[in-house]
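Asks: Next up is a structure, given as structure tokens.
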Amino acid sequence: MSLNAVLSRIDADIDTSTDRLKDLLRIQSISTDPAYKAQCRAAAEWLVAQLTELGAEASIRETPGHPMVVGHTNGTGRHVLFYGHYDVQPVDPLHLWARDPFDPAIEDGADGKVIRGRGASDDKGQLMTFVEACRAWKAERGDLPNVTFLFEGEEESGSPSLVPFLKDNTEELKADIALICDTGLFAEDTPAIVTMLRGLVGEEITVHGPSKDLHSGLYGGVSMNPIRVLTRILGGLHDDEGRVQVPHFYDAVPELPEQLRAQWEALGFDAHRFLEGVGLKSPAGERDRTALEQLWSRPTAEINGIWGGYTGAGFKTVLPAEAHAKVSFRLVGQQNPHEIREHFRKWVEAQLPEDCTVEFHAHGASPASQMAIGDPAFESARRALSDEWPHDAAYVGGGGSIPIAGYFKTHLEMDSMLIGFGKDDDQIHSPNEKYDMKSFHRGIRSWARILDAIG
């Protein structure tokens, strides 16, 4: 049976596919709130029923937290692992929603019809594009591709059970390649495959000075002020060209391959328009790098918060005993997060005056992920996406961090293709979350094309 028959089936069944998505969206699977534990299990059970209906061997797998859903088909061809998550963010503040967040509805949006409700884009709508593609495949071809399904119920609360589960079930979950549908389009009609994700290091700093807060009239000028010390150090974190000044910071940072550079330039990214939307004008990173390089393939150092002394109403002339800051680093290439943390700490310590000490508190460390796009599956998937959408698909970078891709690389020894159909205006994690119906419909068709191309 041809791919065209599968695509026609998807088109004919889009209304019933949408009804199934609505059923899943009605389940209040908020993972971070213990009050919704039963709802999270209900979502897992619903998905097991859907996979079983498709002919997969599916079951709930218990964890210390919310359950995993694992399913296997008996298909032939290249073995893929598809990952998605069924849990959602809390809906607060509820009064900002235009409708009940768990009563999904089709509405008119800026670019056509949308489905609105919590989880519509992150990640239930995205997850269901793949499930519905498999459903149409089975209906027309009588069998399924060689797929392992892995649906998580704790992604929105930090995935505490995920790594132990991967370690305990490594042989069962291993596949040739992973497919992750938790990303978005590059532009309105331009699909993307994310091939690099930045890692993350978080660090909290406390500079200690005098033994207690001091009166600035009695001690000002003669006593070292920790805020003065901390702001001087952090003020030197970047030079005038936007480069990070921590020693050895760039040692393991690769240059962008020319193939990707050419693709990125062809995307026609408008940095001025991008920044204008948040009240800014000019890129502030390394001056010799394009805006997309700054966002996707270059490391960063950012001060996320700084405080100390008196910050209440009115005024208090105090010299504080300590000053605090939170600093994060986005990592690329082979930058080692633990080495970056140590280099930063030594850099800070070397700049302390005699009367000050420093205390550090770590807030997580994960390396960057870079996919091996030399695998023929990547180019096959890119061509398949290009056949479905008005503009050719592009390999892009991800400015943020998606730990699951790194976990698959580390624990299952496989690369991931991150392909999603969300949009920047989907308002994920915010009131009035939505998913474009065009993304849902074309997303289903896209996965059918990809399965046909790489299977």
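Residue names in the structure tokens use chain letters A, B, ... in the order shown, residue numbers from 1 in each chain, and ligand numbers from 1 in the order shown.
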Please tabulate, as a Markdown table, the residues of range 410-455 of chain A that come within 10 Å of range 151-169 of chain A, each with its closest pair of atoms and the distance in Å to one decimal, counting only C-alpha atoms and ordering rows by chain, then residue number upward.

Replies:
| residue | atom | partner | partner_atom | distance |
| --- | --- | --- | --- | --- |
| A:Thr410 | CA | A:Val163 | CA | 9.9 |
| A:His411 | CA | A:Lys167 | CA | 6.5 |
| A:Leu412 | CA | A:Leu166 | CA | 7.4 |
| A:His429 | CA | A:Glu156 | CA | 9.4 |

Asks: Point out the residue among A:Glu53, A:Glu171, A:Glu241, A:Asp13 with the least atom-to-atom distance to Ile444 in chain A, counting only C-alpha atoms.

Replies: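 Between A:Glu53, A:Glu171, A:Glu241, A:Asp13, the residue approaching Ile444 in chain A most closely is A:Asp13.
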
Asks: At what distance in Å, to one decimal, does CA of Val253 in chain A lie from CA of Gln334 in chain A?

Replies: 6.5 Å

Asks: List as a CSV table (one decimal) with N, CA and C atoms, in the first residue's frame the protein and nucleic acid residues near Tyr219 in chain A, meaning an atom at most 12 Å away when only C-alpha atoms are counted, but skip any in the same chain fewer than 3 places from it.

Replies:
chain,number,residue,atom,x,y,z
A,210,PRO,N,32.1,41.9,56.0
A,210,PRO,CA,32.1,42.1,57.4
A,210,PRO,C,31.2,41.1,58.1
A,212,LYS,N,28.8,41.5,60.1
A,212,LYS,CA,27.4,42.0,60.2
A,212,LYS,C,27.2,43.2,59.3
A,213,ASP,N,25.9,43.5,59.1
A,213,ASP,CA,25.6,44.7,58.3
A,213,ASP,C,26.2,45.9,59.1
A,214,LEU,N,26.7,46.9,58.3
A,214,LEU,CA,27.3,48.1,59.0
A,214,LEU,C,26.7,49.4,58.6
A,215,HIS,N,26.7,50.4,59.4
A,215,HIS,CA,26.2,51.7,59.2
A,215,HIS,C,27.2,52.4,58.2
A,216,SER,N,26.7,52.9,57.1
A,216,SER,CA,27.6,53.4,56.1
A,216,SER,C,28.3,54.7,56.5
A,222,VAL,N,36.0,52.9,54.6
A,222,VAL,CA,37.1,52.1,55.2
A,222,VAL,C,36.8,50.6,55.2
A,223,SER,N,35.5,50.2,55.0
A,223,SER,CA,35.1,48.8,55.1
A,223,SER,C,34.8,48.3,53.7
A,224,MET,N,35.3,47.1,53.4
A,224,MET,CA,35.0,46.5,52.1
A,224,MET,C,33.5,46.1,52.0
A,225,ASN,N,32.9,46.5,50.9
A,225,ASN,CA,31.5,46.2,50.6
A,225,ASN,C,31.3,45.0,49.7
A,317,THR,N,20.8,53.2,54.8
A,317,THR,CA,22.2,53.3,54.5
A,317,THR,C,23.0,52.2,55.2
A,318,VAL,N,23.1,51.1,54.6
A,318,VAL,CA,23.7,49.9,55.1
A,318,VAL,C,24.8,49.4,54.2
A,319,LEU,N,25.9,49.0,54.8
A,319,LEU,CA,26.9,48.2,54.1
A,319,LEU,C,26.6,46.7,54.5
A,320,PRO,N,26.2,45.9,53.5
A,320,PRO,CA,25.8,44.6,53.8
A,320,PRO,C,26.9,43.6,54.1

Asks: With distances taken over only C-alpha atoms, which residue among A:Lys124, A:His272, A:His363, A:Lys174 lies nearest Phe408 in chain A?

Replies: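 Closest to Phe408 in chain A, using only C-alpha atoms: A:Lys174.
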
Asks: Can you pull out every residue within 7 Å of Gly242 in chain A, counting only C-alpha atoms, but drop anything in the same chain fewer than 4 positions away, and send it as a list in words?

Replies: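 Those residues are His238, Ala284, Gly285, Glu286 and Arg287 of chain A.
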
Asks: Using C-alpha atoms, can you write the selected residues to a file as an mmCIF file, in the first residue's frame?

Replies:
data_model
loop_
_atom_site.group_PDB
_atom_site.id
_atom_site.type_symbol
_atom_site.label_atom_id
_atom_site.label_comp_id
_atom_site.auth_asym_id
_atom_site.auth_seq_id
_atom_site.Cartn_x
_atom_site.Cartn_y
_atom_site.Cartn_z
ATOM 1 C CA HIS A 238 32.389 39.774 29.295
ATOM 2 C CA ALA A 284 24.598 41.591 22.560
ATOM 3 C CA GLY A 285 26.728 38.464 22.142
ATOM 4 C CA GLU A 286 30.053 37.994 20.392
ATOM 5 C CA ARG A 287 30.257 40.710 17.775
#

Asks: List the spatial neighbours of range 372-381 of chain A as a list in words - criterion: any atom at most 6 Å away, only C-alpha atoms, same-chain residues fewer than 2 positions off excluded.

Replies: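 Non-adjacent residues within range: Arg383, Ala384, Ile450, Ala453 and Ile454 of chain A.
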
Asks: List the neighbours of range 178-194 of chain A out to 8 Å using only C-alpha atoms; skip same-chain residues closer than 5 positions along the sequence, and give me the result as a ChimeraX atom specification.

Replies: /A:80-84,122-123,126-127,382,385-386,389-398,405,408,414-424

Asks: So which residues of range 60-224 of chain A fall under alpha helix (DSSP H) by DSSP, listed as a PyMOL selection string?

Replies: chain A and resi 124-141+162-168+170-173+216-219

Asks: Name the closest residue to Tyr310 in chain A among the candidates A:Leu352, A:Asp23, A:Ala271, A:Ile227; distances are taken between atoms, counting only C-alpha atoms.

Replies: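 With only C-alpha atoms as the atom set, the closest residue is A:Ile227.
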